[in-house]
Structure formats: structure tokens, C-alpha cells
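Following: one structure in C-alpha cells, then a few remarks.
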Amino acid sequence: MTQISQAAVSTDDAEAQSPQWHTLQRVVLPQQDQMDTAALYLDTGSAFGIQVSTNDGSAVESSTGSSSGSVADSTREVHVEDFRSRRSTSVRPGERVSFGSYFNAFPASYWRRWTTLQKVRLQVRTEGSGVVSVYKSNARGALQHVETARVDGTTTSTFDLSLQPFGDGGWYWFDLVAGSRTLVLHDADWLAGGEEPRRGAVTLEITTLNKPDFCLNNLEILAANPSAIGDVHEILIVDQGTQKVVDQPGFEAVRAQLKGKLRIIDQDNLGGSGGFARGMFEAVENGSDFVLLLDDDVVVEPESIPRLVSFATHCKSPTIVGGHMFDLYNRTVLHTFGEIVNPYRFQPDQPLDEQVLGHDFARSNLRHTPWLHRRVDVDYNGWWMCLIPTSIIREIGLSLPVFIKWDDAEYGLRAKKAGYPTVSMPGAGVWHVSWIDKDDMVGWQAYFHTRNRIVAALLHSPYEHGGRVVRESGYSDIKHLVSMQYHTARGRVMAMRDVLEGPGQLHGILATKLPEIRTMAKNYSDAQVHPDPDMFPTPKMDKPPRKGQGFRAPSYTTLVPWAVKTIVRQLSSPVSMSSQERPQAFVAHQDNKWWRMSQYDSAIVSNAEGTGSSWYRRDPREMRGLLVEAARLNAEILRRWPSLREQYREALEDITSFESWKKTFESHSSKGQ
């Protein structure tokens with residue numbers, strides 16, 4: 001480690017003493033219209049890491065009995081008014097600003113594990129008096145001081161930093177502390193030595209369905225940040241809707257700003273998998289080295305694009321590199337730090353027990369959250385933002401033709417089986433419409449969840465009969481049926497029938513299955529949403545709750561007899577005339593639990609979005625028919641699992657091939673613009 005007096009050197013001196021350096025990650029600040037995200041870019045005050053025993057490194061409980069959290073000495077707000085540009089900010093006299101944040105700390109453990117780099121350089125250009133202090137963390141979240149440089153006047157400070165200590169986790173970052181005068185950060189960069197590898201050309205593809213305002217906004221962000229799209233060869237919009245992006249006011253202006261990089265392809269609604277497969281296809285066809293897939297209902301942090309490309313080009317082998325997803329309407333909240341597929345249940349899962357879904361960086365920033373310092377190795381990354389080398393696509397094919405759901409997870413598992421890892425890269429992300437205000441397990445999407453989970457399990461489950469997949473499918477059928485969600489249950493029955501039909505019909509039903517499901521919804525009151533609650537009759541219960549108490553969930557020990565009793569009652573007990581004419585209750589979406597709904601004969605239930613309500617009505621005949629059919633289909637899938645597995649695995653190469661997808665595109669596309 002250099003002495004303090006040697007850490008801050010002039011730019012000319014640094015270049016003379018070192019080989020050529022190239023940028024891995026630039027330190028950036030939020031865009032002017034994104035100031036509510038400031039906590040993701042910088043932090044204030046000091047942080048004290050998790051306490052560990054100096055004997056064996058185990059966590060030491062604090063006086064409050066907690067060993068999992070770090071403590072900040074300040075809860076001061078970030079001074080967003082001090083931001084001078086996307087690269088520059090000022091630090092007020094006597095104050096500390098830390099760049100130990102999601103977007104500006106350097107995820108050293110990821111670079112150590114997946115790339116060829118052994119060391120990096122931090123370069124910080126400042127003006128004014130103060131200090132630049134460099135810190136690192138380990139996988140436990142313990143914070144360690146590395147080096148400090150005093151600065152005065154116009155100074156370029158450089159710090160050469162090894163990646164060796166970051167085997168299981170850890171970050172680098174720096175703090176600025178102003179002296180008696182304001183300290184200005186002009187810019188800062190994380191650098192690598194030597195000649196920069198060829199970065200490669202990128203096709204950036206957005207699949208959209210009737211969200212032209214989101215698409216245009218992202219195009220405007222990209223056009224306003226030309227340095228972020230320097231690697232982008234083509235920006236491709238696959239427009240599958242009726243509300244076209246090209247018809248938006250301002251479209252022609254942004255097209256001109258993008259200087260020939262933008263192309264639009266109109267095609268029928270083939271779902272996310274059809275749109276993303278088109279992006280993969282076109283990226284290979286136009287000679288790109290990567291395709292960057294983006295959802296339409298996102299706001300992109302443009303600096304994420306060069307970061308993903310930089311990381312991918314330094315990886316030891318072709319690697320899928322994805323960005324994280326933040327909540328668009330609560331912008332400091334992270335959806336997940338990384339995901340795997342639980343092989344027994346075949347459901348998305350968190351790799352670490354201590355991981356938190358929905359972590360809020362405004363409540364606990366990076367320096368204050370120990371579990372964020374462990375490297376998280378994943379099976380896949382969501383296609384809200386995912387960079388895929390075209391060399392991988394050429395080898396393993398395009399997306400499964402499954403419309404929506406499980407296409408990204410299946411592709412990650414397929415790539416992993418072929419020897420290509422996926423990395424969910426900290427410091428790269430988008431803000432996406434949250435799933436908090438959605439319930440995609442109910443309604444038309446239930447078909448795709450059910451079918452595609454089973455198909456993905458047939459392709460990749462290591463268990464002879466798919467582990468718990470079929471058993472949990474049966475549980476879900478019962479829950480939906482006792483909840484009077486007959487449209488959802490009918491969709492699930494349709495899904496299992498299509499699984500049994502085999503993989504050969506997946507391309508053929510891509511564009512037709514959703515209209516079929518939506519037409520079916522007209523027959524079910526639980527699928528018909530009305531915006532005005534006054535459209536329904538006033539609720540009335542014939543009998544008050546027992547002893548004035550509401551419904552309670554059964555305990556683990558009483559669940560089986562309770563379920564049998566409930567199913568028998570729903571199948572055999574007639575629905576009273578009053579319950580047929582009017583609901584028994586209004587039920588808020590957050591109270592829409594299967595054990596509660598099973599006790600009603602009729603209820604008005606609000607949807608997750610808060611935009612309307614549906615009338616759930618018990619129908620013993622409908623329930624009996626669906627229950628018998630669902631049980632039969634689950635049993636048939638379980639019985640035929642080995643043969644279905646062989647059938648789907650043998651067909652995988654064909655149904656994901658360029659030739660099969662090309663036929664589908666040709667029959668569902670119009671000429672690109």
C-alpha cells in the first residue's frame with residue numbers, strides 16, 4: 001500500500017508510472033428527474049460494520065441482541081442541491097459523503113470470481129481541501145479502512161487495489177470528507193490496467209405491448225446519454241401492441257437524436273418470449289456480439305449499459321450478465337439481489353437465507369446491510385434487463401415459445417447446463433413496475449404460470465417425477481376452487497391439457513391462447529372487473545360470524561380435517577337464494593386468502609391494482625367438474641412424467657431453433673421501420 005503522500009499524484013505522474021488504463025465503472029449521480037433515488041448513489045456520515053470476534057471471526061451480538069446489522073452515525077438527508085452534474089458534486093465544509101452505495105461502490109467479489117482481473121485502480125479528481133478515504137468490506141459485511149489521501153487544490157488521487165481478498169464477497173468504495181472549505185468531486189472512475197478488450201456491438205431490444213409512453217421515455221433517456229450507448233449497434237423495438245410507439249408525440253424527434261440506431265418491428269402479440277426471441281434472432285442476424293433485453297415498463301439507469309458490457313467483455317468465458325430490478329414507484333426498493341430455481345419445488349428462490357425481498361436502501365444502505373456484501377451466485381436473471389452473448393444464443397438457441405412466464409428462468413438453466421453462467425450484476429439496474437400491486441397467479445396469467453412451470457420442470461428438474469411440482473399443482477387447484485376462483489381454475493386445467501399435448505403445438509398457439517383465455521373469462525363473474533363498487537348489491541350475511549369473530553386460518557395440525565370439511569361443504573351444500581342475489585361481504589385484496597374466501601358463498605373482491613372488483617360466487621357444480629378434471633390431469637402428468645420429460649427434452653433444440661422461430665416470425669410480422 002502506498003503512503004498517504006504518494007496516493008495523490010498528478011495525472012501525468014500516474015500515467016508515467018503505470019501501464020495503459022481503461023474504465024470499468026464510472027461514478028455517477030442521479031439524473032435531474034430521479035432525485036428520489038439519491039440514496040442509491042451516495043450516502044452520508046460514517047458507518048460501523050458488523051462486529052466480529054477477533055478470535056474466530058464469528059458475529060458478535062450487540063447490546064440490543066442483534067448481530068446482523070451495521071450502524072450509521074447519521075441519518076442526514078443527501079444534499080441533492082449540491083449535485084453539479086451526473087459526474088460531479090460538492091461536499092460541504094466539515095461533512096462526509098460516502099460513495100459506498102449501490103450504484104457507486106465497486107462489487108469487487110464479482111470481478112474477482114468471474115473475470116480475469118487481479119487488481120483495479122480507483123481514480124478520483126477533486127478540487128478543494130479534505131481527504132479521500134478508501135474502504136473495503138468482506139463477505140460478512142465487516143468494514144475495513146484501506147488508505148487515505150489528503151487533498152488540497154486541484155488533485156487526482158489514485159489507489160491501486162488488489163482483488164485477491166474477495167473470494168466470497170466484499171466491495172470497495174471511497175468517502176470524501178471536506179476540510180474547512182468546500183470539497184468538489186469532479187469525477188471518479190474504477191479502472192483496469194492494460195489494453196481494453198474489444199467490447200463488442202450490442203443490439204438493445206425492448207419488447208412492448210401498448211406501453212408507448214414507457215418506450216418513448218426510455219428512448220429519450222438513451223438519446224440524452226450518448227456515452228451510455230456507445231457500444232449499441234442498434235436499438236430495436238419489437239412492438240406487439242395496437243398503441244404504437246411510432247404514433248407517440250415526440251417519436252420522430254427522438255428517432256433523429258438516435259442517429260439511425262433505432263428500428264421498429266411490428267409483429268402480432270407473441271408475448272414476452274416472442275418479443276425477446278425476436279431480439280435474440282435479430283442480434284445474431286445483424287452480427288452483434290450481445291443482445292440486451294429490456295422490458296417495456298421500466299425506466300433504465302443508462303450507465304448500467306456500459307457497465308454490463310464492460311463486465312461481460314472481461315469475463316473468463318461467455319457469460320449472461322443481468323441488471324437488478326428496483327420498484328418504479330418506490331425507487332430505493334430492490335426487488336431481489338439474485339435468484340435461483342429451487343430444484344425440488346421448481347420455484348424461484350433466494351440463494352441466501354438472510355436475503356430480503358424488497359430491501360429498501362433508504363432505510364439501510366449498502367454500508368449498513370451485511371448480507372449485501374456476500375456474493376450471490378444465481379441460476380438466471382430476469383429479462384427486465386439482461387445482456388446475452390450471441391455466441392451463447394448460436395449454441396443453445398432462442399427463448400422457449402411460451403408467451404410469458406418462465407422464459408428467462410428456463411433460459412438461464414439451459415445456459416448453465418451448457419456451461420455458461422449467469423451473473424446478476426450489482427451496480428446495474430432498472431426501475432420496473434412492481435409486482436406488489438399485481439396478482440398474476442389469478443386470472444388469465446394463471447394458465448401461463450401453470451403450464452410453463454411444468455414445462456420448465458420437465459426440461460430441467462433433476463428428480464424422477466419432478467419433485468413437488470405436481471403435488472403443489474394439486475394444492476393450488478384446491479386453493480383456487482375453494483376460493484371461488486373458477487376462471488383461474490379453468491385456466492389451470494387448460495394449461496395441464498396443453499402440457500399433455502406435447503411441445504409440438506407451442507409455436508402454433510403463441511398468438512391464439514391469450515385471446516382464447518380472455519374469451520372464456522366472459523363466462524365467469526370472478527373474472528369480470530367492475531370499477532364502481534356501487535354496481536354491486538349491498539352485502540348482507542344471513543348469519544353473523546360465530547361469537548362475533550372473523551374467519552381464521554387453520555393451524556398446521558387441523559389443516560387436513562379442515563380442508564376435507566370445507567371441500568365437502570362446498571360440494572354438497574346448496575347456495576342460498578340470498579347469496580345468489582347479493583354478496584355476503586366486500587373483501588379487500590389483501591384479505592383475499594383462500595382459507596377466508598372458502599367460508600363465503602358470495603363476496604365482492606377488489607383486485608390487486610385497486611382499479612375494480614369482481615363478484616365471487618360459489619357454484620358446487622362448477623367446482624365438482626373442475627376438481628375432478630384437475631385431479632385427473634395432475635395424476636396423468638405424474639404418471640406420464642418420464643415419457644413427457646423425454647418428449648420435451650428431445651424437442652427442445654427444435655422448438656428454440658432459429659428455423660422454427662423464423663417461421664413463426666414470418667407468419668406474425670409486418671415489415672420493420
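Each chain in the C-alpha cells gets a letter, A, B and so on, in the order shown; residues start at 1 in every chain, and ligands are counted from 1 in the order they appear.
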
Discussion item. Report as a PyMOL selection string all protein, DNA and RNA residues lying within 9 Å of segment 367-378 of chain A, evaluated on only C-alpha atoms, omitting residues in the same chain fewer than 3 positions from it.
Written reply: chain A and resi 43+47-50+68-72+100-101+107+109-110+137-143+167-171+337-341+350-352+354-356+361+364+381+412+421-424

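Omitting Ser391 of chain A and its sequence neighbours fewer than 5 positions away, and counting only C-alpha atoms, the residues within 9 Å are Val284, Asp289, Phe290, Pro318 and Ile396 of chain A.
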
Serialized selection, C-alpha atoms, as a PDB file, in the first residue's frame:
```pdb
ATOM      1  CA  VAL A 284     -27.467 -12.712 -34.384  1.00  0.00           C
ATOM      2  CA  ASP A 289     -21.861  -9.653 -30.122  1.00  0.00           C
ATOM      3  CA  PHE A 290     -24.557  -9.168 -27.485  1.00  0.00           C
ATOM      4  CA  PRO A 318     -19.160 -16.156 -22.331  1.00  0.00           C
ATOM      5  CA  ILE A 396     -28.270 -23.136 -27.234  1.00  0.00           C
TER       6      ILE A 396
END
```

Worksheet item: Looking at A:Gly275, A:Gly427, A:Pro343, A:Gly358, which one is nearest to Val28 of chain A, with distances taken over only C-alpha atoms?
Response: A:Gly427

Worksheet item: What's the 8 Å shell around segment 662-669 of chain A, counting only C-alpha atoms, without same-chain residues fewer than 5 positions away, as a ChimeraX atom specification?
Response: /A:265-268,278,507

Item to complete: For segment 402-407 of chain A, list every protein, DNA or RNA residue within 7 Å, evaluated using only C-alpha atoms, and leave out those in the same chain fewer than 5 positions away; present the list as a ChimeraX atom specification.
Response: /A:270-274,448-449,452-453,506,510

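You can rank A:Leu626, A:Val27, A:Leu42, A:Ala456 by their closest distance to Pro401 of chain A using only C-alpha atoms, and at the top of that list sits A:Ala456.
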
Discussion item. Calculated over only C-alpha atoms, which of the candidates A:Gly279, A:Gly429, A:Pro583, A:Gly625 has the smallest distance to Pro539 of chain A?
Written reply: A:Pro583

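Proximity to Trp190 of chain A was assessed for A:Pro389, A:Ser310, A:Ser555, A:Leu258 counting only C-alpha atoms; the smallest distance is recorded for A:Ser310.
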
So that I can see what lies close to Arg497 of chain A, please list as a PDB file with C-alpha atoms, in the first residue's frame the residues with an atom at most 10 Å from it, counting only C-alpha atoms and leaving out residues fewer than 2 positions away in the same chain.
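Result went into part.pdb, see below:
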```
ATOM      1  CA  ARG A 451     -48.116 -24.656 -17.986  1.00  0.00           C
ATOM      2  CA  GLY A 491     -57.172 -21.769 -16.989  1.00  0.00           C
ATOM      3  CA  ARG A 492     -55.052 -24.156 -14.953  1.00  0.00           C
ATOM      4  CA  VAL A 493     -56.989 -27.138 -16.317  1.00  0.00           C
ATOM      5  CA  MET A 494     -56.434 -25.817 -19.840  1.00  0.00           C
ATOM      6  CA  ALA A 495     -52.714 -25.463 -19.069  1.00  0.00           C
ATOM      7  CA  VAL A 499     -48.746 -29.836 -21.311  1.00  0.00           C
ATOM      8  CA  LEU A 500     -50.056 -33.308 -22.136  1.00  0.00           C
ATOM      9  CA  GLU A 501     -50.486 -32.311 -25.782  1.00  0.00           C
ATOM     10  CA  GLY A 502     -46.704 -32.058 -26.002  1.00  0.00           C
ATOM     11  CA  GLU A 629     -60.738 -32.767 -14.026  1.00  0.00           C
ATOM     12  CA  ALA A 630     -57.798 -31.090 -12.256  1.00  0.00           C
ATOM     13  CA  LEU A 633     -54.857 -34.190 -15.160  1.00  0.00           C
ATOM     14  CA  ASN A 634     -52.386 -33.919 -12.276  1.00  0.00           C
ATOM     15  CA  GLU A 636     -51.930 -38.135 -15.654  1.00  0.00           C
ATOM     16  CA  ILE A 637     -48.965 -35.757 -15.710  1.00  0.00           C
TER      17      ILE A 637
END
```

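Minimum atom-to-atom distances from A:Pro503, A:Pro561, A:Gly179, A:Pro165 to Arg150 of chain A were compared using only C-alpha atoms, and the lowest value belongs to A:Gly179.
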
Worksheet entry | Non-local contacts of segment 120-126 of chain A (9 Å; only C-alpha atoms; under 6 positions in same chain excluded) as a PyMOL selection string | chain A and resi 8+21+24+108+132+134+151-163+173-174+183-193

Considering only helix (DSSP H, G or I) as DSSP defines it on the backbone, what residues of segment 554-614 of chain A qualify? List them as a CSV table (one decimal) with N, CA and C atoms, in the first residue's frame.
```
chain,number,residue,atom,x,y,z
A,559,LEU,N,-55.2,-28.6,9.6
A,559,LEU,CA,-55.4,-28.2,8.2
A,559,LEU,C,-56.1,-29.3,7.4
A,560,VAL,N,-55.7,-30.6,7.5
A,560,VAL,CA,-56.3,-31.7,6.7
A,560,VAL,C,-57.7,-31.9,7.0
A,561,PRO,N,-58.1,-32.1,8.3
A,561,PRO,CA,-59.6,-32.2,8.5
A,561,PRO,C,-60.4,-31.0,8.2
A,562,TRP,N,-59.8,-29.8,8.4
A,562,TRP,CA,-60.5,-28.6,8.0
A,562,TRP,C,-60.7,-28.5,6.5
A,563,ALA,N,-59.7,-28.9,5.7
A,563,ALA,CA,-59.8,-28.9,4.3
A,563,ALA,C,-60.8,-29.8,3.8
A,564,VAL,N,-60.9,-31.1,4.3
A,564,VAL,CA,-61.8,-32.1,3.9
A,564,VAL,C,-63.3,-31.5,4.2
A,565,LYS,N,-63.5,-31.0,5.4
A,565,LYS,CA,-64.8,-30.5,5.8
A,565,LYS,C,-65.2,-29.3,4.9
A,566,THR,N,-64.2,-28.5,4.5
A,566,THR,CA,-64.5,-27.3,3.7
A,566,THR,C,-64.9,-27.8,2.3
A,567,ILE,N,-64.2,-28.7,1.7
A,567,ILE,CA,-64.4,-29.2,0.3
A,567,ILE,C,-65.8,-29.9,0.3
A,568,VAL,N,-66.1,-30.7,1.3
A,568,VAL,CA,-67.4,-31.4,1.4
A,568,VAL,C,-68.5,-30.4,1.4
A,569,ARG,N,-68.3,-29.4,2.3
A,569,ARG,CA,-69.4,-28.4,2.4
A,569,ARG,C,-69.6,-27.7,1.0
A,570,GLN,N,-68.5,-27.3,0.4
A,570,GLN,CA,-68.6,-26.6,-0.9
A,570,GLN,C,-69.2,-27.4,-2.0
A,571,LEU,N,-69.0,-28.7,-1.9
A,571,LEU,CA,-69.5,-29.6,-3.0
A,571,LEU,C,-71.0,-30.0,-2.7
A,572,SER,N,-71.4,-30.1,-1.5
A,572,SER,CA,-72.7,-30.6,-1.2
A,572,SER,C,-73.7,-29.6,-0.7
A,577,MET,N,-80.6,-18.7,-1.7
A,577,MET,CA,-81.1,-17.7,-2.7
A,577,MET,C,-80.5,-16.3,-2.4
A,578,SER,N,-80.4,-15.9,-1.1
A,578,SER,CA,-80.0,-14.6,-0.8
A,578,SER,C,-78.5,-14.4,-1.2
A,579,SER,N,-77.7,-15.5,-1.1
A,579,SER,CA,-76.3,-15.3,-1.5
A,579,SER,C,-76.2,-15.3,-3.1
A,580,GLN,N,-77.2,-15.9,-3.7
A,580,GLN,CA,-77.1,-15.8,-5.2
A,580,GLN,C,-77.5,-14.4,-5.7
A,581,GLU,N,-78.3,-13.7,-4.9
A,581,GLU,CA,-78.9,-12.4,-5.3
A,581,GLU,C,-78.0,-11.2,-4.8
A,589,HIS,N,-58.4,-6.8,-1.3
A,589,HIS,CA,-57.5,-7.7,-2.0
A,589,HIS,C,-56.5,-8.3,-1.0
A,590,GLN,N,-56.0,-7.5,0.0
A,590,GLN,CA,-55.0,-8.1,0.9
A,590,GLN,C,-55.7,-9.1,1.9
A,591,ASP,N,-57.0,-9.2,1.9
A,591,ASP,CA,-57.7,-10.1,2.8
A,591,ASP,C,-58.2,-11.3,1.9
A,594,TRP,N,-57.2,-17.8,0.7
A,594,TRP,CA,-58.1,-19.0,0.4
A,594,TRP,C,-58.9,-19.5,1.5
A,595,TRP,N,-58.3,-19.5,2.7
A,595,TRP,CA,-59.0,-20.0,3.9
A,595,TRP,C,-60.1,-19.1,4.3
A,596,ARG,N,-60.0,-17.8,4.0
A,596,ARG,CA,-61.1,-16.9,4.3
A,596,ARG,C,-62.2,-17.0,3.3
A,597,MET,N,-61.8,-17.0,2.0
A,597,MET,CA,-62.8,-17.0,0.9
A,597,MET,C,-63.6,-18.3,0.9
```

Discussion item. Could you go through segment 122-366 of chain A and tell me which residues DSSP, when run on the backbone, assigns to strand (DSSP E or B), listing them as a PyMOL selection string?
Written reply: chain A and resi 122-127+130-137+143-151+154-162+169+172-178+183-193+202-208+232-239+262-267+290-294+298-300+315+320-327+330-334+339-342+347-349+359-360

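For the atom pair formed by atom CA of Val131 of chain A and atom CA of Thr23 of chain A, the distance is 23.1 Å, given to one decimal.
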
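Using only C-alpha atoms, the smallest distance between any of A:Thr390, A:Thr319, A:Arg307, A:Trp444 and Ala201 of chain A comes from A:Thr390.
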